[in-house]
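Below is one structure, written out as structure tokens; the observations come after it.
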Amino acid sequence: MARFLWNDVVLVQLLVVVLFAANALEAAELNVIDKCWRPNPEWRRNRQQMARCSVGFAGKMTGNIGGGVVQYKVTDPSDDPLNPKPGTLRYGTTVVKGKKWITFKRNMKINLHKPLLISSFTTLDGRGVSVHISGPACLLVYKATDVIIHGLKIHDCKPQPPSSVMGPDSHVIQLGQVDGDAIRLVTARKVWIDHNTLYDCQDGLLDVTRGTTDVTVSNNWFRNQDKVMLLGHDDGYVRDKDMRVTVVFNHFGPNCNQRMPRVRHGYAHVANNYYQGWTQYAIGGSMSPRVKSESNYFVAPESGNKEVTWKKQSDGDQLQWKFYSVNDYFENGASFTLKKGVGGARPNYTREQSFRTADARAVKGLTSSAGALQCTRTSVC
């Protein structure tokens, strides 16, 4: 009888902890993406709920869920680029066929020996544990669609000479030189990058290149980096005119220099992000990009350049720029000298892509949990 009562007490205490955490989370400022799944204390049993929470150009990621999804758990942090072992991350992303939802058994540090290719209809879900990924070039989404990258800490990625690696469906792929980016998207489509922490890479933290489109970059923490985010391959790659990227609810800084983002040719909706200073600039581009900066919170550095924008005139640039600031908030002398105006460069979202931007003065709160979340086993995430 005493044992029964003791178990009841423990159960009640656990319930109180869960309810307290849930109430605290509900009271916190949650953005529209996090409101969709984070208040659910049973998120571990309902991991795929998250796929319905994305907004922006990626749209809802419902292609990653439903019947036939393989639940794959990473148990081994080792890496073999050509003969990946069962239980490793590379085995899950390249050998396992079809739709897969990849989780991690425990905290781990994965040192990739060569770039890791991610196949279509793959979700990397690092919630509930602390997963660090580093090594040459890190993550590469090449000619793939319907990819979710969530909850990872990606850093210290380095250049890699041409090499052979295992690719999707167990096909060996010859890769050229890679520059050392945390995440690179090449000719990809419908990619959602959410709640990751990215820093200290040799080249950049995120590249969206060579015809990639329909991308949402949300709730990430970018820090300690010179070149942060490149949207558009180069000035001569005209195909990137069709590129569409949403950059929302991210925290940039401290110690970020430039490219938050830098846009070539295509379109970017940059909304409700928090900018903790910069050295050269925050948002810039070339080749007549279309950019709507909406309800962001810009804090200029204490000294040096306080201008948010940077504009490069390149050969072939027709100067048909549509570069607008709408309802942004500027602190510490920050300024935005390119066009300002309501309605400029509309994203023209579909119903499933659309979301309502918050007042810029609320952005600090809405981005306060940007980066990989510290989810526990006894509370909401």
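How things are named: the first chain in the structure tokens is A, the next is B, and so on; residues count from 1 in each chain; ligands count from 1 in the order shown.
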Skip Ser120 in chain A itself and residues of its chain fewer than 2 positions away, then list as a PDB file with N, CA and C atoms, in the first residue's frame all residues within 7 Å of it, counting only C-alpha atoms.
```pdb
ATOM      1  N   ILE A 118      21.784  14.036 -48.917  1.00  0.00           N
ATOM      2  CA  ILE A 118      20.460  13.772 -48.348  1.00  0.00           C
ATOM      3  C   ILE A 118      19.482  13.546 -49.494  1.00  0.00           C
ATOM      4  N   THR A 122      13.295  13.007 -47.104  1.00  0.00           N
ATOM      5  CA  THR A 122      14.048  12.678 -45.892  1.00  0.00           C
ATOM      6  C   THR A 122      13.863  13.772 -44.859  1.00  0.00           C
ATOM      7  N   ALA A 144      17.395  16.927 -55.005  1.00  0.00           N
ATOM      8  CA  ALA A 144      16.423  16.242 -54.146  1.00  0.00           C
ATOM      9  C   ALA A 144      15.270  17.186 -53.833  1.00  0.00           C
ATOM     10  N   THR A 145      14.162  16.617 -53.398  1.00  0.00           N
ATOM     11  CA  THR A 145      12.981  17.394 -53.048  1.00  0.00           C
ATOM     12  C   THR A 145      12.388  16.880 -51.743  1.00  0.00           C
ATOM     13  N   ASP A 146      11.598  17.718 -51.094  1.00  0.00           N
ATOM     14  CA  ASP A 146      10.892  17.361 -49.853  1.00  0.00           C
ATOM     15  C   ASP A 146      11.882  16.896 -48.779  1.00  0.00           C
ATOM     16  N   VAL A 147      12.671  17.842 -48.291  1.00  0.00           N
ATOM     17  CA  VAL A 147      13.684  17.570 -47.271  1.00  0.00           C
ATOM     18  C   VAL A 147      13.462  18.501 -46.084  1.00  0.00           C
TER      19      VAL A 147
END
```
Long-range neighbours of range 282-284 of chain A as a PyMOL selection string, 7 Å cut-off, only C-alpha atoms, 4 positions minimum in chain: chain A and resi 258-263+278+308-311
Written file, previous selection with N, CA and C atoms, as a compact mmCIF listing (two decimals), in the first residue's frame:
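Result file is part-v2.txt:
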```txt
# COMPACT_ATOMS: atom_id res chain seq x y z
N GLN A 258 28.40 39.42 -42.93
CA GLN A 258 27.67 39.78 -44.13
C GLN A 258 26.79 38.61 -44.59
N ARG A 259 25.99 38.86 -45.64
CA ARG A 259 25.14 37.85 -46.29
C ARG A 259 24.09 37.26 -45.35
N MET A 260 23.15 38.09 -44.95
CA MET A 260 22.08 37.62 -44.07
C MET A 260 20.69 37.96 -44.63
N PRO A 261 20.39 37.66 -45.89
CA PRO A 261 21.20 36.94 -46.88
C PRO A 261 21.79 37.89 -47.93
N ARG A 262 22.57 37.30 -48.87
CA ARG A 262 22.97 37.95 -50.12
C ARG A 262 22.20 37.25 -51.23
N VAL A 263 21.50 38.02 -52.07
CA VAL A 263 20.56 37.45 -53.04
C VAL A 263 21.00 37.80 -54.45
N TRP A 278 26.30 43.59 -37.41
CA TRP A 278 26.98 43.10 -38.61
C TRP A 278 28.24 43.92 -38.77
N VAL A 308 22.01 48.77 -43.27
CA VAL A 308 21.56 47.38 -43.37
C VAL A 308 21.93 46.78 -44.72
N THR A 309 21.77 47.56 -45.79
CA THR A 309 21.82 46.99 -47.14
C THR A 309 23.16 47.18 -47.83
N TRP A 310 23.35 46.36 -48.84
CA TRP A 310 24.52 46.47 -49.73
C TRP A 310 24.07 46.08 -51.13
N LYS A 311 24.53 46.84 -52.11
CA LYS A 311 24.10 46.62 -53.48
C LYS A 311 25.31 46.61 -54.40
```
Two-atom distance - CA of Val32 in chain A, CA of Gly204 in chain A (Å):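 Between these atoms lies a distance of 27.7 Å.
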Computed interatomic separation between CA of Asp203 in chain A and CA of Cys157 in chain A (Å): 8.1 Å
Any chance you could list, as a PDB file with C-alpha atoms, in the first residue's frame, the residues in range 54-295 of chain A that come up strand (DSSP E or B) when DSSP is run on the backbone?
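The resulting file, selection_1.pdb, is reproduced below:
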```pdb
ATOM      1  CA  VAL A  70      10.495   4.400 -42.493  1.00  0.00           C
ATOM      2  CA  GLN A  71      11.344   5.322 -38.887  1.00  0.00           C
ATOM      3  CA  TYR A  72      15.137   5.153 -38.766  1.00  0.00           C
ATOM      4  CA  LYS A  73      17.184   5.820 -35.619  1.00  0.00           C
ATOM      5  CA  VAL A  74      20.868   6.784 -35.692  1.00  0.00           C
ATOM      6  CA  ASP A  76      26.320   4.955 -34.370  1.00  0.00           C
ATOM      7  CA  THR A  88      24.910   5.513 -39.003  1.00  0.00           C
ATOM      8  CA  LYS A 100      12.303   8.229 -43.981  1.00  0.00           C
ATOM      9  CA  TRP A 101      12.067  10.083 -40.696  1.00  0.00           C
ATOM     10  CA  ILE A 102      15.517   9.980 -39.078  1.00  0.00           C
ATOM     11  CA  THR A 103      15.994  10.494 -35.330  1.00  0.00           C
ATOM     12  CA  PHE A 104      18.954  10.012 -32.971  1.00  0.00           C
ATOM     13  CA  MET A 108      26.331  12.411 -30.283  1.00  0.00           C
ATOM     14  CA  LYS A 109      29.058  14.166 -32.255  1.00  0.00           C
ATOM     15  CA  ILE A 110      29.228  13.076 -35.886  1.00  0.00           C
ATOM     16  CA  ASN A 111      32.405  13.923 -37.756  1.00  0.00           C
ATOM     17  CA  LEU A 116      26.699  13.863 -46.600  1.00  0.00           C
ATOM     18  CA  LEU A 117      24.112  13.629 -49.378  1.00  0.00           C
ATOM     19  CA  THR A 122      14.048  12.678 -45.892  1.00  0.00           C
ATOM     20  CA  THR A 123      13.563  14.288 -42.484  1.00  0.00           C
ATOM     21  CA  LEU A 124      16.480  14.781 -40.097  1.00  0.00           C
ATOM     22  CA  ASP A 125      14.916  15.306 -36.660  1.00  0.00           C
ATOM     23  CA  VAL A 131      23.539  16.302 -32.165  1.00  0.00           C
ATOM     24  CA  HIS A 132      26.700  18.006 -33.428  1.00  0.00           C
ATOM     25  CA  ILE A 133      27.729  17.585 -37.069  1.00  0.00           C
ATOM     26  CA  SER A 134      31.091  18.728 -38.399  1.00  0.00           C
ATOM     27  CA  GLY A 135      33.628  17.758 -41.044  1.00  0.00           C
ATOM     28  CA  PRO A 136      34.255  18.376 -44.753  1.00  0.00           C
ATOM     29  CA  LEU A 139      25.242  18.510 -45.517  1.00  0.00           C
ATOM     30  CA  LEU A 140      24.459  18.517 -49.242  1.00  0.00           C
ATOM     31  CA  VAL A 141      20.971  18.355 -50.773  1.00  0.00           C
ATOM     32  CA  TYR A 142      21.610  17.610 -54.447  1.00  0.00           C
ATOM     33  CA  THR A 145      12.981  17.394 -53.048  1.00  0.00           C
ATOM     34  CA  ASP A 146      10.892  17.361 -49.853  1.00  0.00           C
ATOM     35  CA  VAL A 147      13.684  17.570 -47.271  1.00  0.00           C
ATOM     36  CA  ILE A 148      13.432  18.701 -43.627  1.00  0.00           C
ATOM     37  CA  ILE A 149      16.550  19.518 -41.586  1.00  0.00           C
ATOM     38  CA  HIS A 150      15.640  20.214 -37.969  1.00  0.00           C
ATOM     39  CA  LYS A 153      24.183  21.857 -34.461  1.00  0.00           C
ATOM     40  CA  ILE A 154      26.336  22.130 -37.592  1.00  0.00           C
ATOM     41  CA  HIS A 155      29.756  23.732 -37.388  1.00  0.00           C
ATOM     42  CA  ASP A 156      33.450  23.611 -38.337  1.00  0.00           C
ATOM     43  CA  CYS A 157      32.750  22.439 -41.885  1.00  0.00           C
ATOM     44  CA  LYS A 158      35.800  22.533 -44.129  1.00  0.00           C
ATOM     45  CA  GLN A 160      36.975  19.059 -49.573  1.00  0.00           C
ATOM     46  CA  SER A 163      35.749  12.739 -54.030  1.00  0.00           C
ATOM     47  CA  SER A 164      33.427   9.742 -54.300  1.00  0.00           C
ATOM     48  CA  VAL A 165      30.616   9.245 -51.783  1.00  0.00           C
ATOM     49  CA  MET A 166      27.588   7.047 -51.342  1.00  0.00           C
ATOM     50  CA  VAL A 172      28.139   6.095 -55.664  1.00  0.00           C
ATOM     51  CA  ILE A 173      28.398   9.729 -56.802  1.00  0.00           C
ATOM     52  CA  GLN A 174      31.442  11.674 -57.933  1.00  0.00           C
ATOM     53  CA  LEU A 175      31.543  15.076 -56.273  1.00  0.00           C
ATOM     54  CA  VAL A 178      33.221  21.631 -52.130  1.00  0.00           C
ATOM     55  CA  ILE A 183      24.303  23.195 -45.609  1.00  0.00           C
ATOM     56  CA  ARG A 184      24.354  23.495 -49.385  1.00  0.00           C
ATOM     57  CA  LEU A 185      21.294  23.101 -51.621  1.00  0.00           C
ATOM     58  CA  VAL A 186      22.022  22.356 -55.288  1.00  0.00           C
ATOM     59  CA  ARG A 189      13.202  21.924 -54.319  1.00  0.00           C
ATOM     60  CA  LYS A 190      10.852  22.150 -51.334  1.00  0.00           C
ATOM     61  CA  VAL A 191      13.335  22.230 -48.444  1.00  0.00           C
ATOM     62  CA  TRP A 192      12.591  23.332 -44.873  1.00  0.00           C
ATOM     63  CA  ILE A 193      15.540  24.207 -42.615  1.00  0.00           C
ATOM     64  CA  ASP A 194      14.282  24.855 -39.069  1.00  0.00           C
ATOM     65  CA  THR A 197      22.402  26.172 -34.809  1.00  0.00           C
ATOM     66  CA  LEU A 198      25.076  26.935 -37.413  1.00  0.00           C
ATOM     67  CA  TYR A 199      28.489  28.530 -36.881  1.00  0.00           C
ATOM     68  CA  GLY A 204      29.290  29.847 -45.509  1.00  0.00           C
ATOM     69  CA  LEU A 205      26.510  28.510 -43.314  1.00  0.00           C
ATOM     70  CA  LEU A 206      23.853  28.078 -46.001  1.00  0.00           C
ATOM     71  CA  ASP A 207      24.054  28.169 -49.821  1.00  0.00           C
ATOM     72  CA  VAL A 208      20.939  27.958 -52.009  1.00  0.00           C
ATOM     73  CA  THR A 209      22.248  27.475 -55.555  1.00  0.00           C
ATOM     74  CA  THR A 213      13.642  26.948 -55.153  1.00  0.00           C
ATOM     75  CA  ASP A 214      10.738  26.774 -52.674  1.00  0.00           C
ATOM     76  CA  VAL A 215      12.863  26.950 -49.523  1.00  0.00           C
ATOM     77  CA  THR A 216      11.958  28.075 -46.004  1.00  0.00           C
ATOM     78  CA  VAL A 217      14.735  28.949 -43.543  1.00  0.00           C
ATOM     79  CA  SER A 218      13.198  29.439 -40.097  1.00  0.00           C
ATOM     80  CA  TRP A 221      20.612  30.636 -35.006  1.00  0.00           C
ATOM     81  CA  PHE A 222      23.454  31.811 -37.245  1.00  0.00           C
ATOM     82  CA  ARG A 223      26.535  33.076 -35.390  1.00  0.00           C
ATOM     83  CA  GLN A 225      30.527  33.616 -39.324  1.00  0.00           C
ATOM     84  CA  ASP A 226      31.834  35.853 -42.104  1.00  0.00           C
ATOM     85  CA  LYS A 227      29.597  34.803 -45.029  1.00  0.00           C
ATOM     86  CA  VAL A 228      26.299  33.596 -43.597  1.00  0.00           C
ATOM     87  CA  MET A 229      23.712  32.877 -46.329  1.00  0.00           C
ATOM     88  CA  LEU A 230      24.015  32.933 -50.122  1.00  0.00           C
ATOM     89  CA  LEU A 231      20.878  32.786 -52.265  1.00  0.00           C
ATOM     90  CA  ARG A 244      12.011  31.668 -54.075  1.00  0.00           C
ATOM     91  CA  VAL A 245      13.191  31.628 -50.449  1.00  0.00           C
ATOM     92  CA  THR A 246      11.515  32.583 -47.168  1.00  0.00           C
ATOM     93  CA  VAL A 247      13.857  33.646 -44.327  1.00  0.00           C
ATOM     94  CA  VAL A 248      11.803  34.001 -41.142  1.00  0.00           C
ATOM     95  CA  HIS A 251      18.567  35.029 -35.087  1.00  0.00           C
ATOM     96  CA  PHE A 252      21.672  36.417 -36.806  1.00  0.00           C
ATOM     97  CA  CYS A 256      28.212  37.822 -38.219  1.00  0.00           C
ATOM     98  CA  ASN A 257      29.794  39.908 -40.962  1.00  0.00           C
ATOM     99  CA  GLN A 258      27.669  39.781 -44.132  1.00  0.00           C
ATOM    100  CA  ARG A 262      22.973  37.947 -50.119  1.00  0.00           C
ATOM    101  CA  VAL A 263      20.565  37.446 -53.039  1.00  0.00           C
ATOM    102  CA  ARG A 264      21.272  37.014 -56.765  1.00  0.00           C
ATOM    103  CA  TYR A 267      13.245  36.447 -54.743  1.00  0.00           C
ATOM    104  CA  ALA A 268      13.588  36.449 -50.941  1.00  0.00           C
ATOM    105  CA  HIS A 269      10.997  37.294 -48.300  1.00  0.00           C
ATOM    106  CA  VAL A 270      13.015  38.209 -45.211  1.00  0.00           C
ATOM    107  CA  ALA A 271      10.640  38.624 -42.271  1.00  0.00           C
ATOM    108  CA  TYR A 274      16.543  39.472 -35.310  1.00  0.00           C
ATOM    109  CA  TYR A 275      19.860  41.004 -36.396  1.00  0.00           C
ATOM    110  CA  GLN A 276      22.402  41.354 -33.618  1.00  0.00           C
ATOM    111  CA  ILE A 283      21.007  42.138 -46.499  1.00  0.00           C
ATOM    112  CA  GLY A 284      22.477  42.629 -49.961  1.00  0.00           C
ATOM    113  CA  GLY A 285      22.649  41.356 -53.497  1.00  0.00           C
ATOM    114  CA  SER A 286      23.385  41.712 -57.180  1.00  0.00           C
ATOM    115  CA  ARG A 290      13.677  41.033 -55.507  1.00  0.00           C
ATOM    116  CA  VAL A 291      13.748  41.319 -51.723  1.00  0.00           C
ATOM    117  CA  LYS A 292      11.028  42.210 -49.252  1.00  0.00           C
ATOM    118  CA  SER A 293      12.458  42.975 -45.813  1.00  0.00           C
ATOM    119  CA  GLU A 294       9.430  42.931 -43.538  1.00  0.00           C
TER     120      GLU A 294
END
```
Nearest-residue call for Ala345 in chain A, choices A:Val326, A:Met243, A:Ala188, A:Cys375, using only C-alpha atoms: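 Smallest distance to Ala345 in chain A is found for A:Val326.
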Residues within 10 Å of Pro159 in chain A, only C-alpha atoms, excluding chain neighbours under 5 positions, as a list in words: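 Using only C-alpha atoms, the neighbours found are Lys114, Pro115, Gly135, Pro136, Ala137, Cys138, Gln177, Val178, Asp179, Gly180, Asp181, Cys201, Gln202 and Asp203 of chain A.
Closest approach to Gly167 in chain A among A:Arg351, A:Arg45, A:Lys143, A:His265 is made by A:Lys143 (distances from only C-alpha atoms).
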Two-atom distance - CA of Gly128 in chain A, CA of Asn220 in chain A (Å):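 If I compute the distance from CA of Gly128 in chain A to CA of Asn220 in chain A, I get 16.6 Å.
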When you look at Phe330 in chain A with a cut-off of 7 Å (counting only C-alpha atoms), what residues show up, excluding the ones that are within fewer than 4 positions of it in the same chain? I need them as a PDB file with N, CA and C atoms, in the first residue's frame.
```
ATOM      1  N   TYR A 297      13.987  43.129 -36.996  1.00  0.00           N
ATOM      2  CA  TYR A 297      14.525  43.960 -35.911  1.00  0.00           C
ATOM      3  C   TYR A 297      16.034  44.072 -36.141  1.00  0.00           C
ATOM      4  N   PHE A 298      16.480  45.264 -36.570  1.00  0.00           N
ATOM      5  CA  PHE A 298      17.888  45.486 -36.896  1.00  0.00           C
ATOM      6  C   PHE A 298      18.562  46.292 -35.787  1.00  0.00           C
ATOM      7  N   VAL A 299      19.581  45.709 -35.182  1.00  0.00           N
ATOM      8  CA  VAL A 299      20.394  46.424 -34.196  1.00  0.00           C
ATOM      9  C   VAL A 299      21.762  46.673 -34.826  1.00  0.00           C
ATOM     10  N   ALA A 334      20.698  52.076 -36.971  1.00  0.00           N
ATOM     11  CA  ALA A 334      20.587  51.275 -38.196  1.00  0.00           C
ATOM     12  C   ALA A 334      19.763  52.016 -39.237  1.00  0.00           C
ATOM     13  N   SER A 335      20.124  51.839 -40.524  1.00  0.00           N
ATOM     14  CA  SER A 335      19.399  52.518 -41.600  1.00  0.00           C
ATOM     15  C   SER A 335      19.256  51.588 -42.797  1.00  0.00           C
TER      16      SER A 335
END
```
Contacts of Gln49 in chain A at 8 Å (only C-alpha atoms; same-chain gap of 4+ positions) as an MDAnalysis selection string: chainID A and resid 37 43 53
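Residues of range 225-308 of chain A carrying a DSSP assignment of helix (DSSP H, G or I), computed from the backbone, are Val238, Arg239, Asp240, Lys241 and Asp242 of chain A.
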Please produce a file of the residues just selected, as a PDB file, in the first residue's frame, where the atoms kept are C-alpha atoms.
```
ATOM      1  CA  VAL A 238      20.278  33.109 -64.844  1.00  0.00           C
ATOM      2  CA  ARG A 239      18.205  30.053 -63.889  1.00  0.00           C
ATOM      3  CA  ASP A 240      18.189  31.359 -60.317  1.00  0.00           C
ATOM      4  CA  LYS A 241      15.642  33.981 -61.403  1.00  0.00           C
ATOM      5  CA  ASP A 242      13.008  31.394 -60.440  1.00  0.00           C
TER       6      ASP A 242
END
```
